[in-house]
Each structure stands twice: as C-alpha cells, then as structure tokens.
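Have a look at the structure below before the remarks.
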Amino acid sequence: MANRKSDNLYVRQLIWDTFPEHREKILKLEHEEREFLGQDYEVNSYSLVSNVFISEILAPALEENDDQAVGRSAKFIESLLASHREGVLEMASIRITDFLLGFPENWSSIREFAGPNLIEEVSRRAHYYRFDPFDRHN
C-alpha cells in the first residue's frame with residue numbers, strides 16, 4: 001500500500017510540475033473524489049492520468065495536431081516510464097499505451113516525439129494490437 005501511495009503522489013507531482021496550467025483540474029478532481037469517497041481518500045494515479053492527462057491534455061493535443069503540446073506530453077510519458085516504478089509502469093501501460101496503440105492515429109501523431117522508454121514500451125506491447133506501430137504507413 002505504501003508503494004501505491006508514493007506512486008500516486010509521484011504521478012500527481014509530475015503532472016503538477018509538467019503542466020502547471022492544469023493544476024486546477026487536479027484540484028477539482030481531488031475535491032470531487034474526496035467529496036464522494038471521503039476526505040482521507042487519495043486520488044490514484046490511474047484516475048489522475050485518465051481524467052487529467054489523457055482527457056484534458058493528451059487527447060486535445062492530438063486532436064488539434066498541436067506539436068508543442070504533443071511534444072510536452074511525450075516528455076511527460078517518458079518521465080513516467082523512466083521512473084522504473086512498477087506501479088507507475090503498470091498504470092502507464094494500461095492507460096497511456098493502450099490509448100496510444102488502441103487508436104493508431106494517436107500513436108501516429110506522437111511517434112516522432114517518442115523517447116527511448118516509450119519506444120521500448122510500445123515495442124513490448126505492440127503484439128497486442130492489430131497494426132504495426134513502427135510501419136511508417138500507419
């Protein structure tokens with residue numbers, strides 16, 4: 001449990017530091033979840049990544065073809081994967097990698113910004129998807 005808690009705090013802080021313009025969204029999510037689940041509840045990394053990073057940052061950046069925001073998002077993902085924290089890596093694989101590879105156009109848009117850890121993660125998970133993420137024609 002202590003590892004999960006520190007992973008949650010790690011992810012929260014990384015989003016907080018990397019995307020300061022989205023701090024209000026983190027605070028709002030925390031408020032909403034604590035209101036429903038109790039004041040002692042700590043928002044978990046899955047919720048933070050899904051509801052703040054993917055929904056509010058990455059998905060809009062990909063939709064708008066905003067290279068600067070996509071590049072910042074790729075650096076954020078790279079930082080998550082570089083943490084080598086088992087719980088963070090698992091969460092990133094389930095939430096972020098699936099979001100990128102589950103929709104080939106998402107991966108296609110971020111591929112040029114991907115760092116070595118994301119490339120390795122995609123290589124490791126590619127066999128679960130129906131397209132070759134390294135085929136430049138995708």
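Ordering of the structure tokens sets the chain letters (A, B, ...); residue numbers start at 1 within each chain; ligands are numbered from 1 in the order shown.
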What's around Leu14 (chain A) at 12 Å? Count only C-alpha atoms, leave out sequence neighbours fewer than 2 positions away in its own chain, and write the answer as a VMD selection string. chain A and resid 7 to 12 16 to 20 22 to 23 26 45 48 to 49 52 to 53 73 75 to 81 83 88
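In this comparison, which uses only C-alpha atoms, the residue of A:Thr97, A:Glu32, A:Asn51, A:Arg85 approaching Ala114 (chain A) most closely is A:Thr97.
Here CA of Ile57 (chain A) is placed at a distance of 23.0 Å from CA of Arg125 (chain A).
If only C-alpha atoms are the atoms counted, then among A:Asp135, A:Glu120, A:Glu35, A:Glu24 the closest residue to Leu89 (chain A) is A:Glu120.
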Closest to Ser55 (chain A) among A:Arg124, A:Lys25, A:Ala92, A:Asp98, using only C-alpha atoms? A:Lys25
I'd like the contact shell of Asn106 (chain A) - 9 Å cut-off, only C-alpha atoms, skipping same-chain residues fewer than 6 positions apart - returned as a ChimeraX atom specification. /A:59,62-63,99-100
Mind dumping the selected residues with C-alpha atoms as a PDB file, in the first residue's frame?
```
ATOM      1  CA  ALA A  59      -6.334  13.838 -26.336  1.00  0.00           C
ATOM      2  CA  LEU A  62      -3.584  15.020 -30.592  1.00  0.00           C
ATOM      3  CA  GLU A  63      -6.964  16.178 -31.944  1.00  0.00           C
ATOM      4  CA  PHE A  99      -4.778   4.902 -25.501  1.00  0.00           C
ATOM      5  CA  LEU A 100      -1.935   5.382 -27.986  1.00  0.00           C
TER       6      LEU A 100
END
```
